[in-house]
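Shown next: entry18.csv, given as CSV, C-alpha atoms and all ligand atoms.
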```csv
chain,number,residue,atom,x,y,z
K,1,MET,CA,-69.9,197.5,77.6
K,2,ILE,CA,-66.3,196.6,78.5
K,3,PHE,CA,-67.5,193.2,79.8
K,4,THR,CA,-69.4,192.6,76.4
K,5,LEU,CA,-66.2,193.5,74.4
K,6,PHE,CA,-64.2,191.2,76.7
K,7,LEU,CA,-66.7,188.4,76.0
K,8,ILE,CA,-66.6,189.0,72.3
K,9,ALA,CA,-62.8,189.0,72.3
K,10,ILE,CA,-62.6,185.7,74.3
K,11,THR,CA,-65.2,184.1,72.0
K,12,GLY,CA,-63.2,185.3,69.0
K,13,ILE,CA,-60.0,183.9,70.3
K,14,PHE,CA,-61.7,180.6,71.1
K,15,ILE,CA,-63.2,180.2,67.7
K,16,GLY,CA,-59.9,181.2,66.1
K,17,LEU,CA,-58.0,178.6,68.1
K,18,TYR,CA,-60.6,176.0,67.3
K,19,ALA,CA,-60.5,176.7,63.6
K,20,LYS,CA,-56.7,176.5,63.5
K,21,PHE,CA,-56.4,173.3,65.6
K,22,TYR,CA,-59.5,171.2,65.1
K,23,LYS,CA,-57.8,169.0,62.4
K,24,ARG,CA,-54.9,168.0,64.7
K,25,ILE,CA,-55.1,164.4,65.8
K,26,PRO,CA,-54.4,163.5,69.5
K,27,ILE,CA,-51.4,161.3,70.0
K,28,LEU,CA,-51.3,159.7,73.5
K,29,MET,CA,-48.1,158.6,75.2
K,30,TYR,CA,-48.0,155.6,77.5
K,31,HIS,CA,-45.1,153.8,79.1
K,32,ARG,CA,-45.8,150.8,81.3
K,33,ILE,CA,-49.2,149.2,81.8
K,34,ALA,CA,-48.8,148.0,85.3
K,35,THR,CA,-49.6,148.8,88.9
K,36,VAL,CA,-46.5,150.2,90.5
K,37,PRO,CA,-47.2,152.5,93.5
K,38,GLY,CA,-45.5,155.9,93.2
K,39,GLU,CA,-44.4,155.4,89.6
K,40,ARG,CA,-45.8,158.1,87.4
K,41,ASN,CA,-45.3,156.3,84.1
K,42,SER,CA,-47.0,153.1,85.1
K,43,LEU,CA,-50.7,153.1,84.3
K,44,PRO,CA,-52.7,150.4,86.1
K,45,PRO,CA,-54.3,147.9,83.7
K,46,GLU,CA,-57.8,148.6,84.9
K,47,LYS,CA,-57.4,152.3,84.1
K,48,PHE,CA,-56.0,151.5,80.6
K,49,LYS,CA,-59.0,149.2,80.0
K,50,GLU,CA,-61.3,151.9,81.2
K,51,GLN,CA,-59.8,154.3,78.7
K,52,LEU,CA,-60.0,151.8,75.8
K,53,ASP,CA,-63.6,151.2,76.7
K,54,TYR,CA,-64.3,154.9,76.6
K,55,LEU,CA,-62.7,155.3,73.2
K,56,GLN,CA,-64.6,152.4,71.8
K,57,LYS,CA,-68.0,153.5,73.3
K,58,GLU,CA,-67.5,157.1,72.0
K,59,GLY,CA,-66.6,155.9,68.5
K,60,TYR,CA,-62.9,156.8,68.5
K,61,ILE,CA,-60.9,154.9,65.9
K,62,THR,CA,-57.2,154.2,66.7
K,63,ILE,CA,-55.1,155.0,63.6
K,64,THR,CA,-51.5,154.3,62.8
K,65,LEU,CA,-48.7,156.8,62.5
K,66,ASN,CA,-48.6,156.0,58.8
K,67,ASP,CA,-52.3,156.9,58.6
K,68,LEU,CA,-51.5,160.1,60.3
K,69,TYR,CA,-48.6,160.8,57.9
K,70,ARG,CA,-50.8,160.1,54.9
K,71,HIS,CA,-53.5,162.4,56.3
K,72,TYR,CA,-51.1,165.3,57.0
K,73,VAL,CA,-49.0,165.0,53.8
K,74,GLN,CA,-51.5,163.6,51.2
K,75,GLN,CA,-54.7,164.7,52.8
K,76,ALA,CA,-55.9,161.1,53.0
K,77,PRO,CA,-59.3,160.9,54.7
K,78,LEU,CA,-59.5,159.7,58.3
K,79,PRO,CA,-62.3,158.3,60.4
K,80,LEU,CA,-64.4,160.9,62.2
K,81,ARG,CA,-62.8,160.6,65.6
K,82,PRO,CA,-59.2,159.4,65.2
K,83,VAL,CA,-56.6,159.0,67.9
K,84,VAL,CA,-53.0,157.6,68.0
K,85,LEU,CA,-51.8,155.4,70.9
K,86,THR,CA,-48.0,155.1,71.5
K,87,PHE,CA,-45.9,153.2,74.0
K,88,ASP,CA,-42.4,154.3,74.9
K,89,ASP,CA,-39.5,151.9,75.8
K,90,GLY,CA,-41.1,148.6,74.7
K,91,TYR,CA,-41.9,147.2,78.2
K,92,ASP,CA,-42.9,143.6,78.4
K,93,ASP,CA,-46.3,144.5,80.0
K,94,ASN,CA,-47.2,146.3,76.7
K,95,TYR,CA,-47.1,142.8,75.1
K,96,ALA,CA,-48.5,140.9,78.0
K,97,ILE,CA,-51.3,143.3,79.1
K,98,ALA,CA,-51.9,146.0,76.5
K,99,LEU,CA,-51.7,143.9,73.4
K,100,PRO,CA,-54.6,141.5,74.3
K,101,LEU,CA,-56.8,144.4,75.4
K,102,LEU,CA,-56.0,146.2,72.1
K,103,ARG,CA,-56.6,143.1,70.0
K,104,ASP,CA,-59.9,142.4,71.6
K,105,ARG,CA,-61.1,145.8,70.5
K,106,ASN,CA,-59.5,145.8,67.1
K,107,MET,CA,-57.3,148.8,68.1
K,108,LYS,CA,-53.9,149.9,66.8
K,109,ALA,CA,-50.9,151.2,68.7
K,110,ALA,CA,-47.2,151.9,68.1
K,111,VAL,CA,-44.4,150.8,70.4
K,112,PHE,CA,-40.9,152.4,70.5
K,113,PRO,CA,-38.3,150.0,71.9
K,114,ILE,CA,-34.7,151.0,72.7
K,115,THR,CA,-32.7,148.9,70.3
K,116,ASN,CA,-29.8,148.0,72.7
K,117,TRP,CA,-32.2,147.2,75.5
K,118,ILE,CA,-34.6,144.8,73.7
K,119,GLY,CA,-35.3,141.7,75.8
K,120,LYS,CA,-33.4,143.1,78.8
K,121,GLU,CA,-34.2,144.8,82.1
K,122,ASN,CA,-35.0,148.5,82.3
K,123,LYS,CA,-31.8,149.6,83.7
K,124,TRP,CA,-31.2,152.5,81.3
K,125,GLU,CA,-33.1,155.0,83.4
K,126,ASN,CA,-31.9,153.7,86.8
K,127,PHE,CA,-35.2,154.7,88.5
K,128,ASN,CA,-34.2,152.7,91.6
K,129,GLN,CA,-37.7,151.3,91.3
K,130,GLN,CA,-39.3,148.1,90.3
K,131,ILE,CA,-37.1,146.4,87.6
K,132,THR,CA,-39.0,145.0,84.7
K,133,ARG,CA,-38.2,143.5,81.4
K,134,THR,CA,-38.7,144.8,77.9
K,135,MET,CA,-40.2,142.9,75.0
K,136,ASP,CA,-37.8,140.5,73.2
K,137,TRP,CA,-37.5,140.2,69.4
K,138,ASP,CA,-40.1,137.4,69.2
K,139,LYS,CA,-42.6,139.5,71.1
K,140,LEU,CA,-41.9,142.5,68.9
K,141,ARG,CA,-42.5,140.3,65.9
K,142,GLU,CA,-45.8,139.2,67.3
K,143,TRP,CA,-46.6,142.9,68.0
K,144,LYS,CA,-46.0,143.6,64.3
K,145,THR,CA,-48.0,140.6,63.2
K,146,ALA,CA,-51.0,142.0,65.1
K,147,GLU,CA,-50.8,144.9,62.7
K,148,MET,CA,-49.3,147.2,65.3
K,149,GLU,CA,-46.5,149.6,64.5
K,150,ILE,CA,-42.9,149.7,65.7
K,151,GLY,CA,-40.6,152.7,65.7
K,152,SER,CA,-37.2,153.6,66.9
K,153,HIS,CA,-36.4,155.0,70.3
K,154,THR,CA,-32.7,155.2,69.6
K,155,LEU,CA,-30.0,152.7,70.5
K,156,ASP,CA,-29.4,153.7,74.2
K,157,HIS,CA,-32.0,156.3,75.2
K,158,PRO,CA,-29.5,159.3,75.6
K,159,PHE,CA,-30.4,163.0,75.8
K,160,LEU,CA,-30.0,163.6,72.1
K,161,THR,CA,-29.4,167.3,72.6
K,162,GLN,CA,-26.2,166.4,74.4
K,163,CYS,CA,-24.9,164.1,71.6
K,164,ASP,CA,-22.4,165.2,69.0
K,165,GLU,CA,-23.4,164.6,65.3
K,166,HIS,CA,-21.5,161.3,65.0
K,167,ARG,CA,-23.3,159.8,68.0
K,168,LEU,CA,-26.6,161.2,66.7
K,169,GLU,CA,-26.0,159.4,63.4
K,170,GLN,CA,-25.4,156.2,65.3
K,171,GLU,CA,-28.4,156.5,67.6
K,172,LEU,CA,-30.9,157.4,64.9
K,173,ARG,CA,-29.6,155.5,61.8
K,174,ALA,CA,-28.2,152.3,63.4
K,175,SER,CA,-31.3,151.8,65.6
K,176,LYS,CA,-33.4,152.0,62.5
K,177,VAL,CA,-31.3,149.6,60.5
K,178,ILE,CA,-31.1,147.0,63.3
K,179,LEU,CA,-34.9,147.1,63.8
K,180,GLU,CA,-35.5,146.8,60.0
K,181,GLU,CA,-33.1,143.8,59.7
K,182,GLN,CA,-34.7,142.0,62.7
K,183,LEU,CA,-38.3,142.8,61.9
K,184,GLY,CA,-38.2,142.7,58.1
K,185,SER,CA,-40.1,145.9,57.6
K,186,THR,CA,-39.4,149.6,57.3
K,187,ILE,CA,-39.1,151.7,60.4
K,188,ASP,CA,-40.7,155.0,59.6
K,189,PHE,CA,-41.0,156.9,62.9
K,190,LEU,CA,-38.6,158.0,65.6
K,191,CYS,CA,-39.4,158.8,69.2
K,192,TYR,CA,-37.1,161.3,71.0
K,193,PRO,CA,-35.9,160.1,74.4
K,194,TYR,CA,-37.3,162.4,77.1
K,195,GLY,CA,-39.0,164.4,74.3
K,196,PHE,CA,-35.9,166.6,73.7
K,197,PHE,CA,-34.8,167.6,70.1
K,198,ASP,CA,-33.4,170.5,68.1
K,199,ASP,CA,-32.9,171.4,64.5
K,200,THR,CA,-29.7,169.3,64.1
K,201,ILE,CA,-31.5,166.2,65.5
K,202,ILE,CA,-34.4,166.8,63.1
K,203,ARG,CA,-31.9,167.1,60.2
K,204,VAL,CA,-30.1,163.9,61.1
K,205,ALA,CA,-33.5,162.1,61.5
K,206,GLN,CA,-34.6,163.2,58.1
K,207,LYS,CA,-31.3,162.2,56.5
K,208,ALA,CA,-31.7,158.7,58.2
K,209,GLY,CA,-34.9,158.3,56.3
K,210,TYR,CA,-37.6,158.8,59.0
K,211,LYS,CA,-41.0,160.1,57.9
K,212,GLY,CA,-41.6,161.8,61.2
K,213,ALA,CA,-40.7,162.0,64.9
K,214,LEU,CA,-42.6,162.2,68.2
K,215,ALA,CA,-41.9,164.5,71.0
K,216,ILE,CA,-43.8,165.5,74.2
K,217,TYR,CA,-46.3,168.4,74.1
K,218,ASP,CA,-44.5,170.8,76.4
K,219,ASN,CA,-41.4,171.0,74.1
K,220,VAL,CA,-43.2,171.5,70.8
K,221,PRO,CA,-44.1,174.6,68.9
K,222,LEU,CA,-47.8,174.3,68.2
K,223,TRP,CA,-48.5,177.1,65.7
K,224,GLN,CA,-46.9,175.3,62.8
K,225,GLN,CA,-47.5,171.6,62.1
K,226,ASP,CA,-44.2,169.8,62.0
K,227,LEU,CA,-44.0,166.1,61.3
K,228,PHE,CA,-40.6,165.9,63.2
K,229,ALA,CA,-42.1,167.6,66.3
K,230,LEU,CA,-45.4,165.7,66.7
K,231,PRO,CA,-46.7,166.6,70.2
K,232,ARG,CA,-47.8,163.8,72.4
K,233,ILE,CA,-49.9,163.9,75.5
K,234,PRO,CA,-48.7,161.8,78.4
K,235,ILE,CA,-51.1,159.6,80.2
K,236,PRO,CA,-49.8,159.4,83.8
K,237,ALA,CA,-50.6,156.7,86.4
K,238,ARG,CA,-53.3,158.7,88.1
K,239,GLN,CA,-55.0,159.8,85.0
K,240,SER,CA,-58.6,160.8,85.7
K,241,LEU,CA,-61.2,159.8,83.1
K,242,TRP,CA,-62.6,163.4,82.8
K,243,GLU,CA,-59.1,164.7,81.9
K,244,PHE,CA,-58.6,161.8,79.6
K,245,LYS,CA,-61.7,162.8,77.7
K,246,LEU,CA,-60.2,166.3,77.2
K,247,LYS,CA,-56.9,164.8,76.0
K,248,VAL,CA,-58.5,162.9,73.2
K,249,GLY,CA,-61.2,165.4,72.2
K,250,ARG,CA,-61.1,167.8,69.4
K,251,LEU,CA,-60.1,170.5,71.8
K,252,HIS,CA,-57.0,168.6,73.0
K,253,ILE,CA,-54.6,171.2,71.5
K,254,ILE,CA,-56.3,173.9,73.5
K,255,PHE,CA,-55.7,171.7,76.6
K,256,ILE,CA,-52.0,171.5,75.5
K,257,LEU,CA,-51.7,175.2,75.0
K,258,LEU,CA,-53.1,175.8,78.5
K,259,ARG,CA,-50.6,173.3,80.0
K,260,GLN,CA,-47.8,175.0,78.0
K,261,LEU,CA,-48.9,178.4,79.4
K,262,GLU,CA,-48.9,177.0,82.9
K,263,ARG,CA,-45.4,175.5,82.5
K,264,ASN,CA,-44.1,178.8,81.1
K,265,CYS,CA,-45.6,180.8,84.0
K,266,LYS,CA,-44.0,178.5,86.5
K,267,ARG,CA,-40.7,178.8,84.8
K,268,LEU,CA,-41.0,182.6,84.8
K,269,LEU,CA,-41.9,182.6,88.5
K,270,ARG,CA,-38.9,180.4,89.3
K,271,LYS,CA,-36.6,182.8,87.4
K,272,LEU,CA,-38.1,185.9,89.1
K,273,SER,CA,-37.8,184.3,92.5
K,274,LEU,CA,-34.1,183.5,91.8
K,275,LEU,CA,-33.6,187.1,91.0
K,276,GLY,CA,-35.4,188.0,94.2
K,277,ILE,CA,-38.2,189.9,92.4
K,278,VAL,CA,-41.0,187.8,93.8
N,1,ZN,ZN,-38.1,156.5,76.7
```

Show how you would write the structure in this file as structure tokens.
Ligand SMILES: [Zn+2]
Amino acid sequence: MIFTLFLIAITGIFIGLYAKFYKRIPILMYHRIATVPGERNSLPPEKFKEQLDYLQKEGYITITLNDLYRHYVQQAPLPLRPVVLTFDDGYDDNYAIALPLLRDRNMKAAVFPITNWIGKENKWENFNQQITRTMDWDKLREWKTAEMEIGSHTLDHPFLTQCDEHRLEQELRASKVILEEQLGSTIDFLCYPYGFFDDTIIRVAQKAGYKGALAIYDNVPLWQQDLFALPRIPIPARQSLWEFKLKVGRLHIIFILLRQLERNCKRLLRKLSLLGIV
């Protein structure tokens, strides 16, 4: 009897979650498309190609962030299996390797370059790892000509939550203006460095004229849909295909919820162990 009630409760929770979240569109977060041993944010090209082939074979359609915006705000219709692809930091391999693979499949993606690091080496994060270049302005223009999107990833990639309001204004507004002047089109979306944001940052972003902003799934409240806290799912270097399938499926938000729960449990355990309780 108790077991039956438990099963009914679990089924009810599952159906409730599915009904609440099934309209959310998966947004994937990539960085480099390159083989760099030991570097979590560099996805080998053959794995990226395998993922694109899977999306194509299963009938997924890559949509733009503006498509997503129109869907969430104006209820514009979307294809049956939509997915958004995004690239952080604007690495040169996004242009050299990802762009041809995307073009071959008629797929769309958004890139978020760091305005003051365009066409330079990736020294802003000082990973002490393989140095690489970022796309220069001509490559970004070609990216745009291929009907891909470009958004802002700030001027210098700081932790925005540590910036005062004047610096925030600079990072969010000036990066947008420079990109717009150089590329000749409106920059509608912002990507928070390291995924961190708060209410002040959202307010400054809205004032600067962005339509929305992208974060990372573990920092985002999921119960309310917020265009300035769009959750993205990282695709790490060792991404297995079975997990990738979960990340792009209709149930991806449940996957995210479980990962958030796992993170919170780990945080709680760390705190309890610091207090000597466990
Ligand atoms: Zn970044």

Please find the residues contacting ligand ZN 1 (chain N) at a distance of at most 6 Å between atoms, with all atoms listed in the file counted, and report them as a CSV table (one decimal) with C-alpha atoms, keeping the file's coordinate frame.
```
chain,number,residue,atom,x,y,z
K,88,ASP,CA,-42.4,154.3,74.9
K,89,ASP,CA,-39.5,151.9,75.8
K,193,PRO,CA,-35.9,160.1,74.4
K,194,TYR,CA,-37.3,162.4,77.1
```

Please provide the set of residues having any atom within 10 Å of His153 of chain K, restricted to only C-alpha atoms, with same-chain residues fewer than 2 positions apart removed, written as a tab-separated table (two decimals) with C-alpha atoms, keeping the file's coordinate frame.
```
chain	number	residue	atom	x	y	z
K	88	ASP	CA	-42.40	154.30	74.90
K	89	ASP	CA	-39.50	151.90	75.80
K	90	GLY	CA	-41.10	148.60	74.70
K	111	VAL	CA	-44.40	150.80	70.40
K	112	PHE	CA	-40.90	152.40	70.50
K	113	PRO	CA	-38.30	150.00	71.90
K	114	ILE	CA	-34.70	151.00	72.70
K	115	THR	CA	-32.70	148.90	70.30
K	116	ASN	CA	-29.80	148.00	72.70
K	150	ILE	CA	-42.90	149.70	65.70
K	151	GLY	CA	-40.60	152.70	65.70
K	155	LEU	CA	-30.00	152.70	70.50
K	156	ASP	CA	-29.40	153.70	74.20
K	157	HIS	CA	-32.00	156.30	75.20
K	158	PRO	CA	-29.50	159.30	75.60
K	171	GLU	CA	-28.40	156.50	67.60
K	172	LEU	CA	-30.90	157.40	64.90
K	175	SER	CA	-31.30	151.80	65.60
K	176	LYS	CA	-33.40	152.00	62.50
K	189	PHE	CA	-41.00	156.90	62.90
K	190	LEU	CA	-38.60	158.00	65.60
K	191	CYS	CA	-39.40	158.80	69.20
K	192	TYR	CA	-37.10	161.30	71.00
K	193	PRO	CA	-35.90	160.10	74.40
K	213	ALA	CA	-40.70	162.00	64.90
K	214	LEU	CA	-42.60	162.20	68.20
```

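Comparing the minimum interatomic distances between Leu258 of chain K and each of K:Leu246, K:Val278, K:Leu65, K:Leu52, counting all atoms listed in the file, we find that K:Leu246 sits nearest.
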
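From atom CA of Val177 of chain K back to atom CA of Met29 of chain K, the distance works out to 24.1 Å.
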
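Among the candidate residues K:Leu80, K:Trp242, K:Thr161, K:Ala237, the one lying nearest to Ile202 of chain K is K:Thr161, with distances computed using all atoms listed in the file.
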
Open item on the list: Considering all atoms listed in the file, can you say which of K:Pro44, K:Gly195, K:Pro37, K:Gly209 comes closest to Gln239 of chain K?
Closed with: K:Pro44

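Closest approach to Arg133 of chain K among K:Gln260, K:Thr62, K:Asn94, K:Thr200 is made by K:Asn94 (distances from all atoms listed in the file).
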
Selection near segment 262-269 of chain K, 12 Å with all atoms listed in the file, sequence-local residues under 6 positions removed, as a PDB file with C-alpha atoms, in the coordinates of the input:
```pdb
ATOM      1  CA  TYR K 217     -46.300 168.400  74.100  1.00  0.00           C
ATOM      2  CA  ASP K 218     -44.500 170.800  76.400  1.00  0.00           C
ATOM      3  CA  ASN K 219     -41.400 171.000  74.100  1.00  0.00           C
ATOM      4  CA  PHE K 255     -55.700 171.700  76.600  1.00  0.00           C
ATOM      5  CA  ILE K 256     -52.000 171.500  75.500  1.00  0.00           C
ATOM      6  CA  LEU K 275     -33.600 187.100  91.000  1.00  0.00           C
ATOM      7  CA  GLY K 276     -35.400 188.000  94.200  1.00  0.00           C
ATOM      8  CA  ILE K 277     -38.200 189.900  92.400  1.00  0.00           C
ATOM      9  CA  VAL K 278     -41.000 187.800  93.800  1.00  0.00           C
TER      10      VAL K 278
END
```

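Coordinates place atom CA of Leu168 of chain K at a distance of 26.7 Å from atom CA of Val84 of chain K.
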
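Interatomic distance, atom CA of Val36 of chain K to atom CA of Asn106 of chain K: 27.1 Å.
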
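Of the listed residues K:Met107, K:Ile25, K:Ile235, K:Leu85, the one whose atoms come nearest to Gln56 of chain K is K:Met107, with distances taken using all atoms listed in the file.
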
- [ ] Go ahead and find all residues with at least one atom no further than 12 Å from (-31.0, 170.8, 67.8) in the file's coordinates, using only C-alpha atoms; report them as a PyMOL selection string.
- [x] chain K and resi 159-165+168+192+196-205+228-229

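Of the listed residues K:Glu121, K:Asp104, K:Glu180, K:Glu169, the one whose atoms come nearest to Ala146 of chain K is K:Asp104, with distances taken using only C-alpha atoms.
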
TODO: Would you kindly identify which residues have an atom no farther than 10 Å from (-35.4, 140.6, 79.4), using all atoms listed in the file and the file's own coordinates, and write them out as a PyMOL selection string?
DONE: chain K and resi 91-92+117-122+132-136

For the selection you just gave me, I'd like the residues written to a file as a PDB file, in the frame of the given file, keeping C-alpha atoms.
```
ATOM      1  CA  TYR K  91     -41.900 147.200  78.200  1.00  0.00           C
ATOM      2  CA  ASP K  92     -42.900 143.600  78.400  1.00  0.00           C
ATOM      3  CA  TRP K 117     -32.200 147.200  75.500  1.00  0.00           C
ATOM      4  CA  ILE K 118     -34.600 144.800  73.700  1.00  0.00           C
ATOM      5  CA  GLY K 119     -35.300 141.700  75.800  1.00  0.00           C
ATOM      6  CA  LYS K 120     -33.400 143.100  78.800  1.00  0.00           C
ATOM      7  CA  GLU K 121     -34.200 144.800  82.100  1.00  0.00           C
ATOM      8  CA  ASN K 122     -35.000 148.500  82.300  1.00  0.00           C
ATOM      9  CA  THR K 132     -39.000 145.000  84.700  1.00  0.00           C
ATOM     10  CA  ARG K 133     -38.200 143.500  81.400  1.00  0.00           C
ATOM     11  CA  THR K 134     -38.700 144.800  77.900  1.00  0.00           C
ATOM     12  CA  MET K 135     -40.200 142.900  75.000  1.00  0.00           C
ATOM     13  CA  ASP K 136     -37.800 140.500  73.200  1.00  0.00           C
TER      14      ASP K 136
END
```

Given 5 Å of margin on each side, can you work out the centre and size in Å (one decimal) of an axis-aligned box holding every listed atom of segment 167-180 of chain K, as AutoDock Vina command-line options?
```
--center_x -29.4 --center_y 154.0 --center_z 64.0 --size_x 22.2 --size_y 24.4 --size_z 18.0
```
